[in-house]
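Asker: One file is attached below, input_14.cif, containing mmCIF, C-alpha atoms.
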data_query
loop_
_atom_site.label_atom_id
_atom_site.label_comp_id
_atom_site.auth_asym_id
_atom_site.auth_seq_id
_atom_site.Cartn_x
_atom_site.Cartn_y
_atom_site.Cartn_z
CA MET A 1 -11.61 17.46 19.13
CA ALA A 2 -13.11 14.21 20.42
CA LEU A 3 -15.52 14.11 17.49
CA LYS A 4 -12.67 14.56 15.01
CA ILE A 5 -10.68 11.75 16.62
CA HIS A 6 -13.74 9.49 16.60
CA PHE A 7 -14.35 10.18 12.90
CA SER A 8 -10.71 9.45 12.07
CA ILE A 9 -10.81 6.13 13.92
CA LEU A 10 -14.08 5.22 12.18
CA SER A 11 -12.56 6.01 8.78
CA ILE A 12 -9.56 3.79 9.45
CA ALA A 13 -11.84 1.03 10.70
CA VAL A 14 -13.83 1.09 7.47
CA LEU A 15 -10.63 0.72 5.46
CA ALA A 16 -9.41 -2.14 7.64
CA ILE A 17 -12.64 -4.15 7.93
CA CYS A 18 -13.64 -4.13 4.28
CA THR A 19 -10.98 -5.82 2.16
CA SER A 20 -12.93 -5.00 -1.03
CA ALA A 21 -12.99 -8.54 -2.33
CA ASP A 22 -13.84 -8.98 -6.02
CA LEU A 23 -17.60 -8.54 -5.64
CA TYR A 24 -17.96 -8.13 -9.37
CA SER A 25 -15.58 -8.69 -12.22
CA VAL A 26 -14.29 -7.50 -15.55
CA ASN A 27 -12.50 -9.80 -17.96
CA PHE A 28 -9.02 -8.60 -17.13
CA SER A 29 -6.96 -8.05 -14.02
CA TYR A 30 -3.52 -6.88 -12.89
CA THR A 31 -2.48 -10.24 -11.44
CA GLY A 32 -2.55 -13.93 -12.35
CA GLU A 33 -3.91 -15.51 -15.51
CA ASN A 34 -5.78 -12.34 -16.52
CA GLY A 35 -2.83 -10.03 -15.77
CA PRO A 36 -1.23 -7.55 -18.18
CA GLU A 37 1.04 -10.10 -19.85
CA HIS A 38 -2.09 -12.04 -20.89
CA TRP A 39 -4.42 -9.18 -21.88
CA GLY A 40 -3.88 -9.64 -25.59
CA SER A 41 -5.14 -13.22 -25.50
CA LEU A 42 -8.22 -12.61 -23.35
CA SER A 43 -10.33 -11.30 -26.25
CA PRO A 44 -9.83 -10.68 -29.98
CA SER A 45 -10.66 -7.03 -29.30
CA PHE A 46 -7.69 -6.87 -26.89
CA ALA A 47 -5.13 -7.92 -29.53
CA ALA A 48 -3.39 -4.51 -29.50
CA CYS A 49 -2.38 -5.12 -25.87
CA SER A 50 0.07 -7.72 -27.17
CA ASN A 51 0.63 -6.78 -30.82
CA GLY A 52 0.54 -2.98 -30.71
CA LYS A 53 3.80 -1.16 -31.37
CA ALA A 54 2.75 2.17 -29.81
CA GLN A 55 1.57 1.16 -26.34
CA SER A 56 1.39 2.99 -23.00
CA PRO A 57 2.63 3.64 -20.39
CA VAL A 58 6.32 4.27 -21.06
CA ASP A 59 9.44 5.22 -19.16
CA LEU A 60 10.37 8.88 -19.69
CA LYS A 61 14.08 8.31 -20.15
CA LYS A 62 16.38 11.27 -20.70
CA VAL A 63 17.90 9.64 -23.79
CA ASP A 64 14.48 9.43 -25.48
CA ILE A 65 13.37 13.03 -24.77
CA VAL A 66 13.69 15.75 -27.42
CA LEU A 67 12.77 19.42 -27.11
CA ASN A 68 10.10 20.47 -29.60
CA LYS A 69 10.03 24.26 -29.88
CA HIS A 70 6.84 24.10 -31.96
CA LEU A 71 4.68 22.60 -29.20
CA LYS A 72 2.14 24.93 -27.61
CA SER A 73 1.02 25.28 -24.02
CA LEU A 74 -2.01 23.28 -22.91
CA ASP A 75 -4.75 25.90 -23.10
CA GLU A 76 -7.53 24.77 -20.76
CA HIS A 77 -11.11 26.04 -20.72
CA TYR A 78 -12.74 24.07 -17.91
CA LEU A 79 -16.04 24.93 -16.25
CA PRO A 80 -17.44 23.91 -12.85
CA THR A 81 -20.06 21.19 -13.33
CA ASN A 82 -21.89 18.42 -11.49
CA ALA A 83 -19.90 15.24 -11.11
CA THR A 84 -20.17 11.75 -9.64
CA LEU A 85 -17.59 9.50 -7.99
CA VAL A 86 -17.59 6.05 -9.58
CA ASN A 87 -16.00 2.70 -8.83
CA ASN A 88 -14.99 1.58 -12.33
CA ILE A 89 -13.90 -1.77 -10.83
CA PHE A 90 -10.34 -1.36 -12.16
CA ASN A 91 -9.94 2.24 -10.91
CA ILE A 92 -11.75 5.03 -9.08
CA GLY A 93 -12.99 7.82 -11.33
CA VAL A 94 -14.92 11.07 -11.53
CA HIS A 95 -17.53 11.33 -14.28
CA PHE A 96 -18.97 14.65 -15.39
CA GLU A 97 -22.53 15.61 -16.27
CA GLY A 98 -22.91 17.82 -19.31
CA GLN A 99 -20.18 20.05 -20.72
CA VAL A 100 -17.17 20.49 -18.43
CA GLY A 101 -14.98 22.24 -20.98
CA ASP A 102 -11.91 21.35 -22.98
CA ILE A 103 -8.24 21.84 -23.66
CA ASN A 104 -6.78 23.08 -26.91
CA ILE A 105 -3.93 21.00 -28.30
CA ASN A 106 -2.24 22.47 -31.36
CA GLY A 107 -5.43 24.21 -32.44
CA LYS A 108 -7.79 21.29 -31.79
CA ASN A 109 -10.33 21.19 -28.95
CA TYR A 110 -10.53 18.06 -26.80
CA SER A 111 -13.51 17.85 -24.40
CA LEU A 112 -12.91 16.47 -20.92
CA LYS A 113 -14.93 13.29 -20.35
CA GLN A 114 -13.67 11.84 -17.07
CA LEU A 115 -10.69 11.49 -14.77
CA HIS A 116 -9.39 8.55 -12.75
CA TRP A 117 -6.42 7.41 -10.67
CA HIS A 118 -3.83 4.64 -10.84
CA SER A 119 -1.55 3.60 -8.01
CA PRO A 120 1.33 3.25 -8.23
CA ALA A 121 1.93 5.57 -11.17
CA GLU A 122 1.97 3.96 -14.61
CA HIS A 123 4.50 6.23 -16.35
CA ARG A 124 8.02 6.10 -14.98
CA VAL A 125 10.65 8.81 -14.97
CA ASN A 126 14.15 7.50 -15.71
CA GLY A 127 13.04 4.24 -14.10
CA PHE A 128 11.57 5.96 -11.03
CA LYS A 129 8.03 4.94 -10.07
CA HIS A 130 5.85 7.58 -8.39
CA ASP A 131 3.14 6.71 -5.89
CA ALA A 132 0.08 7.55 -7.99
CA GLU A 133 -1.06 9.02 -11.30
CA MET A 134 -4.21 10.85 -12.36
CA HIS A 135 -5.49 10.70 -15.93
CA LEU A 136 -7.75 13.40 -17.38
CA VAL A 137 -9.29 11.80 -20.46
CA HIS A 138 -10.35 14.08 -23.34
CA GLN A 139 -11.96 13.38 -26.72
CA THR A 140 -12.77 15.31 -29.87
CA LYS A 141 -16.07 15.05 -31.72
CA ASP A 142 -14.45 12.58 -34.11
CA ASN A 143 -13.23 10.46 -31.16
CA ASP A 144 -9.55 11.37 -31.11
CA THR A 145 -8.31 10.87 -27.56
CA ALA A 146 -5.83 12.90 -25.51
CA VAL A 147 -4.87 12.26 -21.89
CA VAL A 148 -3.26 14.68 -19.45
CA ALA A 149 -1.38 12.76 -16.77
CA VAL A 150 -0.47 14.11 -13.34
CA LEU A 151 2.11 12.28 -11.20
CA TYR A 152 1.95 12.15 -7.40
CA LYS A 153 4.41 11.47 -4.62
CA LEU A 154 3.63 11.02 -0.93
CA GLY A 155 3.60 14.26 1.04
CA ASP A 156 1.03 16.91 1.88
CA PRO A 157 -2.62 16.10 1.14
CA ASP A 158 -3.82 16.90 -2.38
CA PRO A 159 -6.48 19.67 -2.21
CA ILE A 160 -8.67 18.07 -4.89
CA ILE A 161 -8.72 14.65 -3.20
CA SER A 162 -9.23 16.34 0.19
CA LYS A 163 -12.58 17.67 -1.05
CA ILE A 164 -13.87 14.17 -1.83
CA GLU A 165 -12.34 12.14 1.02
CA ASP A 166 -15.70 11.62 2.74
CA LYS A 167 -17.18 10.51 -0.59
CA LEU A 168 -14.37 8.00 -1.08
CA ILE A 169 -15.18 6.55 2.34
CA GLU A 170 -18.86 6.39 1.37
CA LEU A 171 -17.96 4.65 -1.91
CA ASP A 172 -15.94 2.08 0.00
CA LYS A 173 -18.88 1.40 2.33
CA GLU A 174 -21.19 0.85 -0.63
CA THR A 175 -18.68 -1.49 -2.25
CA CYS A 176 -18.43 -3.50 0.97
CA ALA A 177 -22.22 -3.72 1.06
CA GLY A 178 -22.27 -5.09 -2.49
CA TYR A 179 -23.80 -2.14 -4.34
CA LYS A 180 -22.31 -2.69 -7.76
CA GLY A 181 -21.00 0.49 -9.31
CA ALA A 182 -23.31 2.81 -7.36
CA PRO A 183 -22.15 6.38 -8.14
CA ILE A 184 -21.75 8.95 -5.37
CA ALA A 185 -22.90 12.50 -6.14
CA LEU A 186 -20.10 15.05 -5.68
CA GLY A 187 -22.09 18.17 -6.48
CA THR A 188 -20.21 20.91 -8.31
CA PHE A 189 -16.66 19.88 -9.24
CA ASP A 190 -14.26 22.58 -10.42
CA VAL A 191 -11.66 20.95 -12.67
CA LYS A 192 -9.76 24.26 -12.93
CA GLU A 193 -8.51 23.66 -9.39
CA ILE A 194 -6.38 20.81 -10.72
CA ASN A 195 -4.48 23.46 -12.71
CA THR A 196 -3.13 21.67 -15.77
CA ARG A 197 -1.50 24.89 -17.00
CA THR A 198 2.20 24.23 -16.98
CA HIS A 199 5.46 25.60 -18.29
CA LYS A 200 6.72 22.08 -19.01
CA TYR A 201 5.21 18.79 -20.13
CA TYR A 202 6.13 15.68 -22.11
CA ARG A 203 4.14 14.40 -25.09
CA TYR A 204 4.12 11.20 -27.08
CA VAL A 205 1.59 9.07 -28.99
CA GLY A 206 0.61 5.84 -27.28
CA SER A 207 -2.46 3.91 -26.22
CA LEU A 208 -5.04 3.37 -23.53
CA THR A 209 -3.38 1.66 -20.55
CA THR A 210 -6.30 -0.75 -20.03
CA PRO A 211 -7.88 -3.17 -22.51
CA PRO A 212 -8.57 -2.85 -25.38
CA CYS A 213 -5.29 -0.84 -25.38
CA THR A 214 -6.49 1.27 -28.31
CA GLN A 215 -3.62 3.16 -29.98
CA GLY A 216 -3.48 6.71 -31.31
CA VAL A 217 -3.85 8.35 -27.89
CA THR A 218 -1.90 11.59 -27.44
CA TRP A 219 -0.34 11.68 -23.98
CA HIS A 220 0.76 14.77 -22.05
CA ILE A 221 2.59 14.08 -18.78
CA LEU A 222 2.94 17.21 -16.66
CA ARG A 223 6.43 17.78 -15.36
CA LYS A 224 5.26 19.20 -12.03
CA VAL A 225 4.72 16.40 -9.51
CA ARG A 226 1.86 16.84 -7.04
CA THR A 227 1.65 15.35 -3.55
CA LEU A 228 -0.99 13.28 -1.79
CA SER A 229 -1.07 11.89 1.72
CA LYS A 230 -0.76 8.21 2.65
CA LYS A 231 -4.37 8.29 3.86
CA GLN A 232 -5.53 9.64 0.49
CA LEU A 233 -3.61 6.94 -1.34
CA GLU A 234 -5.30 4.30 0.81
CA LEU A 235 -8.71 5.84 0.16
CA LEU A 236 -8.17 5.62 -3.61
CA LYS A 237 -7.31 1.92 -3.27
CA ALA A 238 -9.88 0.86 -0.66
CA PRO A 239 -12.99 0.34 -2.86
CA LEU A 240 -11.07 -1.69 -5.45
CA GLY A 241 -11.03 -5.47 -5.59
CA VAL A 242 -7.96 -7.52 -4.76
CA GLY A 243 -6.88 -7.81 -8.39
CA PHE A 244 -7.04 -4.05 -8.95
CA LYS A 245 -5.53 -2.40 -5.87
CA HIS A 246 -2.19 -2.31 -7.74
CA ASN A 247 -3.63 -1.01 -11.01
CA ALA A 248 -0.56 0.08 -12.94
CA ARG A 249 0.23 -1.54 -16.26
CA PRO A 250 3.96 -2.27 -16.72
CA VAL A 251 5.86 0.14 -18.98
CA GLN A 252 5.89 -0.68 -22.68
CA PRO A 253 8.72 -0.41 -25.24
CA LEU A 254 8.94 2.80 -27.23
CA ASN A 255 9.74 0.94 -30.46
CA GLY A 256 11.47 3.98 -31.93
CA ARG A 257 9.06 6.60 -30.66
CA LYS A 258 10.44 9.83 -29.27
CA ILE A 259 9.07 11.72 -26.30
CA GLU A 260 8.68 15.42 -27.08
CA LYS A 261 9.24 18.03 -24.39
CA TYR A 262 7.40 21.32 -24.19
CA CYS A 263 9.15 24.10 -22.32
CA HIS A 264 7.85 27.65 -22.24
CA PRO A 265 10.35 29.96 -24.00
CA SER A 266 10.86 32.00 -20.83
CA LYS A 267 11.97 28.85 -18.99
CA ARG A 268 14.24 27.25 -21.57
CA HIS A 269 17.42 29.00 -20.49
CA ARG A 270 17.03 27.46 -17.02
CA ASP A 271 15.73 24.09 -18.09
CA SER A 272 17.53 20.77 -18.25
CA THR A 273 16.32 17.35 -19.31
CA LYS A 274 16.42 16.17 -15.70
CA TYR A 275 12.91 15.39 -14.46
CA HIS A 276 12.54 16.47 -10.84
CA LYS A 277 11.01 13.88 -8.55
#
Take the structure in this file and express it as structure tokens.
Answerer:
Amino acid sequence: MALKIHFSILSIAVLAICTSADLYSVNFSYTGENGPEHWGSLSPSFAACSNGKAQSPVDLKKVDIVLNKHLKSLDEHYLPTNATLVNNIFNIGVHFEGQVGDININGKNYSLKQLHWHSPAEHRVNGFKHDAEMHLVHQTKDNDTAVVAVLYKLGDPDPIISKIEDKLIELDKETCAGYKGAPIALGTFDVKEINTRTHKYYRYVGSLTTPPCTQGVTWHILRKVRTLSKKQLELLKAPLGVGFKHNARPVQPLNGRKIEKYCHPSKRHRDSTKYHK
């Protein structure tokens, strides 16, 4: 018991001592002169961040949601594979080595490339902001992009994050020591444990939520909200620089877009458009 208490105190001390100052930089931020409202003017390649009419994230408002009976379930075919934990500067991510599998969206296979977290959540639900959001980024061979988004609220620890907590602490230590972008080996990572199979999700066409804000991204926001602990939320923030600890882009206007809802036929008779928090 004493060893466990000592480890816990040490973990908290690491979080407290290292403030993760901006040891290295990218040419955008979430605050100040390089914040989201200025992204479009930071580089010609970022123009869509200001001029695009189909941007992400968005607010999933009841009035904008329509049931699409022709949507299919997200058919996942993920495989356990070696992975690394990476400080992407503007978020913490997991990168995969080799083929990790794919999901099938309306008959088209999208291969999983990486996942990462934002806190607080970027997508809102009838104006409500969740505590965090995970993005599983997929691409086809011809570079079409689809993202599966998972929302989190504070509560019980998330099993997936629990398995990498010690690695997140290690990543934070390396960041404090100035090791730029040094990846941490995770060993075998089983994406299937995230369980993206769902009876309900929301889909719309938007963009990347970081520069260059490329449009044409197909988004799928799972209706089921997961939980993570306060400690886990802090661990996901700790390695990030001051300008990236709050790494959620503000919601963008729909500009006439509709948000389609998938609901498994067996669940439709009990479903409503209310999104449970």
Asker: Expressed in Å to a single decimal, how great is the separation between CA of Asn88 in chain A and CA of Ser119 in chain A?
Answerer: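 Between CA of Asn88 in chain A and CA of Ser119 in chain A the gap is 14.3 Å.
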Asker: To one decimal in Å, tell me the separation between CA of Ala132 in chain A and CA of Val86 in chain A.
Answerer: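 Taking CA of Ala132 in chain A as the start and CA of Val86 in chain A as the end point, the length is 17.8 Å.
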Asker: Evaluate the PyMOL selection byres ((chain A and resi 216-219) around 7) on the structure here and hand back the selected residues as a list in words.
Answerer: Thr145, Ala146, Val147, Val148, Arg203, Tyr204, Val205, Gly206, Ser207, Leu208, Thr214, Gln215, His220 and Ile221 of chain A
Asker: Evaluate the PyMOL selection byres ((chain A and resi 90) around 7) against this structure - the residues, as JSON, numbers by chain, please.
Answerer: {"A": [88, 89, 91, 240, 244, 247]}
Asker: Would you export the selected residues with C-alpha atoms as a PDB file, in the coordinates of the input, please?
Answerer:
ATOM      1  CA  ASN A  88     -14.990   1.580 -12.330  1.00  0.00           C
ATOM      2  CA  ILE A  89     -13.900  -1.770 -10.830  1.00  0.00           C
ATOM      3  CA  ASN A  91      -9.940   2.240 -10.910  1.00  0.00           C
ATOM      4  CA  LEU A 240     -11.070  -1.690  -5.450  1.00  0.00           C
ATOM      5  CA  PHE A 244      -7.040  -4.050  -8.950  1.00  0.00           C
ATOM      6  CA  ASN A 247      -3.630  -1.010 -11.010  1.00  0.00           C
TER       7      ASN A 247
END
Asker: For a test of reading the model, state the distance in Å between CA of Cys49 in chain A and CA of Cys213 in chain A, rounded to one decimal.
Answerer: 5.2 Å
Asker: Evaluating the PyMOL selection byres ((chain A and resi 110) around 12) on the displayed file yields which residues, as a PyMOL selection string?
Answerer: chain A and resi 74-78+99-109+111-114+136-148+217-218
Asker: For each of A:Asn27, A:Thr175, A:Ser73, A:Ser50, take the minimum atom-to-atom distance to Asn87 in chain A, counting all atoms listed in the file, then give the residue where this is smallest.
Answerer: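 The shortest atom-to-atom distance to Asn87 in chain A comes from A:Thr175.
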Asker: Which residue is closest to Ala238 in chain A? Choose from A:Gly98, A:Tyr152, A:Ala47, A:Glu174 and count all atoms listed in the file.
Answerer: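 Closest candidate: A:Glu174.
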Asker: For Glu170 in chain A, list every protein, DNA or RNA residue within 10 Å, evaluated using all atoms listed in the file, and leave out those in the same chain fewer than 2 positions away; present the list as number ranges by chain.
Answerer: A: 11, 14, 85, 164-168, 172-176, 184, 239
Asker: Point out the residue among A:His95, A:His116, A:Lys72, A:Lys61 with the least atom-to-atom distance to Phe128 in chain A, counting all atoms listed in the file.
Answerer: A:Lys61
Asker: List the neighbours of Tyr201 in chain A out to 6 Å using all atoms listed in the file; skip same-chain residues closer than 3 positions along the sequence, and give me the result as a ChimeraX atom specification.
Answerer: /A:221-223,261-262
Asker: Hey, which of A:His264, A:Arg197, A:Lys245, A:His70 ends up closest to Pro120 in chain A? Count only C-alpha atoms.
Answerer: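 With only C-alpha atoms as the atom set, the closest residue is A:Lys245.
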Asker: Between A:Asp158, A:Asp131, A:Asp59, A:Glu122, which has the minimum distance to Lys237 in chain A (counting all atoms listed in the file)?
Answerer: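 Checking each of A:Asp158, A:Asp131, A:Asp59, A:Glu122 against Lys237 in chain A, counting all atoms listed in the file, the winner is A:Asp131.
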Asker: Just checking: using only C-alpha atoms, which residue out of A:Ile160, A:Ile259, A:Ala248, A:Ala185 ends up closest to Gly35 in chain A?
Answerer: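 Under the stated criterion, the closest residue is A:Ala248.
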Asker: What's the 9 Å shell around Arg226 in chain A, counting only C-alpha atoms, without same-chain residues fewer than 3 positions away, as a list of chain:residue names?
Answerer: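 Contacts, in chain order: A:Val150, A:Leu151, A:Tyr152, A:Lys153, A:Leu154, A:Gly155, A:Asp156, A:Asp158.
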